[in-house]
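Visitor: Here it is, the structure in full.
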Amino acid sequence: MGDTLEFSDIYQEVKGSWNDGRLRFGRQSVVYKSSKTGKVDSIPAAELSQAQWRRVCLGQGIKLTTSTGHIYKYDGFRDTDFEKISEYFKAHYKVELSEKELCVKGWNWGTTKFSGPLLSFEVSDSPAFEIPLASVSQCATGKNEVTLEFHQNDEAEVSLMEVRFYVPPGDTATTEEGPEPVEVFRDSVLSKADVIQATGDAVCIFKELQCLTPRGRYDIRIYPSFLHLHGKTFDYKIPYSTVLRLFLLPHKDQRQMFFMISLDPPIKQGQTRYHFLILLFSKEEDLSLSLNMTEEEVEKRYGGKLSKNMSGSLYEMVGRVMKALVNRKITVPGNFLGHSGTQCITCSYKASSGLLYPLERGFVYIHKPPVHLRFEEVSCVNFARGTTTTRSFDFEIETKQGTQFTFSSIEREEYGKLFDFVTAKKLSIKNRGFKEGIKGKDDMLEDSDEDQHDAYLERMKEEGKIREEANDSDDSDGESDESFNPGEEKDDIAEEYDSKASASDSSAEEGDSDREKKKRPAKKAKVVKERKPRKKPKDSGAPKRPMSAYFLWLNASRESIKAEHPGISITEISKRAGEMWRELGKEQKVEWDGKAEEAKKDYEVAMREYRESGGGSSAPSKKERKKKGGKRDEKNKKGKSGGGRERERERERTTGNDSFKSREFISSEESSSESDRGKGKRKRKGSDEQEEEVASTPPSSDSGSD
């Protein structure tokens, strides 16, 4: 058997939600590391006093009890792991792994036992359920009842709000001598519960500290077990048990300092969750601090980490106090130095500018929103060219959960430093192969597009190649449609009238051309839209058109509407008039309809007199325009009759369709028909008359042959 046993996908219950991680049994300790938060729980092997193997919802689980009273539970084991773990415990920990059955009867009465930080409800000496007292936020009592309220976890789908216990009253003799059973139960819960009560004086107070998240100025009161943020609008009480990490990071201007506190679970302000508390300090601000404790108490409680009277920079005082009370190390930047000589890089994340700090074990972005990415949860990184300019690039980080963080607008001078840092930390780089093919890393970020890797451009090129191959295959399978070009067709037709061409060649070419015409699809005739005639100018001397019944009523009622609604606008008058007109009955509208009819008759009489007197004669009426158009069409039809009809019939006979042909194409057809008639004469008269026929060809065909 080896020195260690490791198991992956082991779950630990945290306030109603299951967090997976890795569990390792070693000779010196038992170590569990959460995959979500990276928090490490270490149990010294010498403190293990009891181990139980139990069947739970996620397979098999282990419950470990230490001599200090702490209890740890881990689930997700298999049935086959029992023998292996049992032998390891006997060999290295001298502890027997016993099997314990849980009660599944479903009874709701039994006995309660307080064992360390757990409240166990047992039925027939078998535990039915256990409640971690650290999850209790409040404990209230009634006459014979005790109500437990719990801290809520936002990530849990279902949360337990409260549990009520009925405590039977004790005998009269026992209650007179001692406290009530309800009070005993409550005191047992509160002794181990995580109930924050601001009792007693604060160890120290920091006044008016500037917070970036949550934004504002807060007084920070340091208590032995929790941190109290007191602002003008909100108050926050943060237990030290929820603090995961502390960071002290210098600003790029070298005049300010960031102090960041990582929290799990986060503090809440309405629906907003703050996973990080960020304080901003000036390096020039000093403070003299005196703790509200005696020197003996300070020495006994903090063991030399703090002293009663301290002085120095404000950020140093806050960091020193927080490190001693939270019992966590403060993370500072490592050996990374950017192009400007600072330990951070200016960039943008989600349209907000901030600072990216490459640390020894992860990346931190400050701020809005703050981001902390550990190297353990990073799957790969990618260097991408900036989308707007070649003077910057993007740095993409993809986690193992599939989430991608893109830090954009990083100056290209920072590329070499950042690439060397990522390579030294042995992080997987997506486009490493492309960069290694380039002689100089800085050359990739020059203005030349040939030396830059553009994933989008490469993808477009590939799609273009595929599209060209598809087009080539289509051209080889079938003939492509030829666009109509009068000049080109004229040249092709002119070749038929070459004086050196023989009759056999021309007949062969005619046969080929007929077959090609049959294969080709019929060309659609071009539809020429007729232009609408322009509107004739308005005759200023003509009588005005009559008003409708509504407008006659509106002119008569406009003044009354203004009187009823003083100051009303023109649009409101129209709106109000429309409503009033709809409300009028048919009997009231008859009057205005009659007035409209009379106005219409008067208009017709006036218009007739106007035309008789010669008004409007310059503009022809519609009927006259139609008559003129009809006469013009008849003339065109007569011009087309005769020789034109014969040419059309001959074209239909040769082409076999009624497709549209331009003027150039028709002229070439006419010349071809005349040449065909000339060829017939050449066959009858002989070779002597052939020269005369060639000389009589149209000049258009001669110019084409030349």
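Residues are referred to by chain and number: the chain letter is A, B, ... according to the order shown in the structure tokens, the number counts from 1 in that chain, and ligands are numbered separately from 1 in the order shown.
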Considering only C-alpha atoms, return as a VMD selection string whatever protein or nucleic-acid residues lie within 8 Å of Ala51 of chain A, sequence-local ones (same chain, fewer than 3 positions apart) excluded.

Guide: chain A and resid 48 62 to 65 95 to 98

Visitor: For the selection just defined, write its residues with N, CA, C and O atoms to a file, as a PDB file, in the first residue's frame.

Guide:
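Saved result, part_1.pdb, follows:
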ATOM      1  N   LEU A  48      -7.165  12.721  14.687  1.00  0.00           N
ATOM      2  CA  LEU A  48      -8.292  11.862  14.325  1.00  0.00           C
ATOM      3  C   LEU A  48      -8.609  10.913  15.475  1.00  0.00           C
ATOM      4  O   LEU A  48      -7.742  10.178  15.963  1.00  0.00           O
ATOM      5  N   ILE A  62     -17.931   9.316   4.493  1.00  0.00           N
ATOM      6  CA  ILE A  62     -17.078   9.157   5.676  1.00  0.00           C
ATOM      7  C   ILE A  62     -17.315  10.335   6.599  1.00  0.00           C
ATOM      8  O   ILE A  62     -17.361  11.491   6.148  1.00  0.00           O
ATOM      9  N   LYS A  63     -17.456  10.061   7.882  1.00  0.00           N
ATOM     10  CA  LYS A  63     -17.584  11.082   8.910  1.00  0.00           C
ATOM     11  C   LYS A  63     -16.376  10.967   9.829  1.00  0.00           C
ATOM     12  O   LYS A  63     -16.157   9.926  10.457  1.00  0.00           O
ATOM     13  N   LEU A  64     -15.559  12.041   9.885  1.00  0.00           N
ATOM     14  CA  LEU A  64     -14.340  12.053  10.687  1.00  0.00           C
ATOM     15  C   LEU A  64     -14.535  12.983  11.872  1.00  0.00           C
ATOM     16  O   LEU A  64     -14.988  14.125  11.705  1.00  0.00           O
ATOM     17  N   THR A  65     -14.180  12.520  13.052  1.00  0.00           N
ATOM     18  CA  THR A  65     -14.263  13.308  14.283  1.00  0.00           C
ATOM     19  C   THR A  65     -12.863  13.469  14.849  1.00  0.00           C
ATOM     20  O   THR A  65     -12.084  12.500  14.910  1.00  0.00           O
ATOM     21  N   VAL A  95      -6.849   4.008  13.666  1.00  0.00           N
ATOM     22  CA  VAL A  95      -8.272   4.279  13.897  1.00  0.00           C
ATOM     23  C   VAL A  95      -9.063   3.262  13.092  1.00  0.00           C
ATOM     24  O   VAL A  95      -8.762   3.005  11.921  1.00  0.00           O
ATOM     25  N   GLU A  96     -10.081   2.690  13.728  1.00  0.00           N
ATOM     26  CA  GLU A  96     -10.912   1.703  13.048  1.00  0.00           C
ATOM     27  C   GLU A  96     -12.067   2.404  12.331  1.00  0.00           C
ATOM     28  O   GLU A  96     -12.750   3.258  12.901  1.00  0.00           O
ATOM     29  N   LEU A  97     -12.275   2.058  11.071  1.00  0.00           N
ATOM     30  CA  LEU A  97     -13.370   2.617  10.273  1.00  0.00           C
ATOM     31  C   LEU A  97     -14.609   1.758  10.495  1.00  0.00           C
ATOM     32  O   LEU A  97     -14.724   0.650   9.954  1.00  0.00           O
ATOM     33  N   SER A  98     -15.528   2.236  11.303  1.00  0.00           N
ATOM     34  CA  SER A  98     -16.732   1.477  11.652  1.00  0.00           C
ATOM     35  C   SER A  98     -17.884   1.860  10.737  1.00  0.00           C
ATOM     36  O   SER A  98     -17.974   2.996  10.268  1.00  0.00           O
TER      37      SER A  98
END

Visitor: Just want the 8 Å neighbourhood of segment 129-131 of chain A, counted on only C-alpha atoms, with same-chain residues fewer than 4 positions away dropped. Output as a list in words.

Guide: Leu118, Leu119, Ser120, Phe121, Glu122 and Ser135 of chain A

Visitor: Quick one: everything within 10 Å of segment 71-75 of chain A, counting only C-alpha atoms, minus sequence neighbours fewer than 2 positions away in the same chain. Send it as a ChimeraX atom specification.

Guide: /A:9-13,18,20-21,23,32,41,43,48,50-69,77-78,115-118,132

Visitor: DSSP on the backbone: which residues in segment 160-371 of chain A end up as alpha helix (DSSP H)? Give the answer as a PyMOL selection string.

Guide: chain A and resi 172-177+181-192+295-302+314-326

Visitor: Show which residues sit within 12 Å of segment 394-407 of chain A, as a PyMOL selection string. Count only C-alpha atoms, and ignore same-chain residues fewer than 4 positions away.

Guide: chain A and resi 35-36+345-357+362-366+369-390+411-412+414-415+418-419+422+427-431+445+454

Visitor: Which residue out of A:Gly578, A:Glu295, A:Arg245, A:Glu583 has the minimum interatomic distance to Lys323 of chain A when only C-alpha atoms are used?

Guide: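 Nearest to Lys323 of chain A: A:Arg245.
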
Visitor: Taking the chain letters and numbering used in this document, name the residues of segment 32-187 of chain A that DSSP puts in strand (DSSP E), as a PyMOL selection string.

Guide: chain A and resi 32-34+40-44+48-56+59-66+71-77+97-100+111-115+118-123+126-132+136-141+145-150+162-166

Visitor: Point out the residue among A:Ala606, A:Val31, A:Leu263, A:Ala324 with the least atom-to-atom distance to Arg301 of chain A, counting only C-alpha atoms.

Guide: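 Among the listed residues, the smallest separation from Arg301 of chain A belongs to A:Ala324.
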
Visitor: Out of A:Gln343, A:Ser392, A:Thr213, A:Ser282, which residue has the shortest atom-to-atom distance to Lys368 of chain A when counting only C-alpha atoms?

Guide: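 Among the listed residues, the smallest separation from Lys368 of chain A belongs to A:Thr213.
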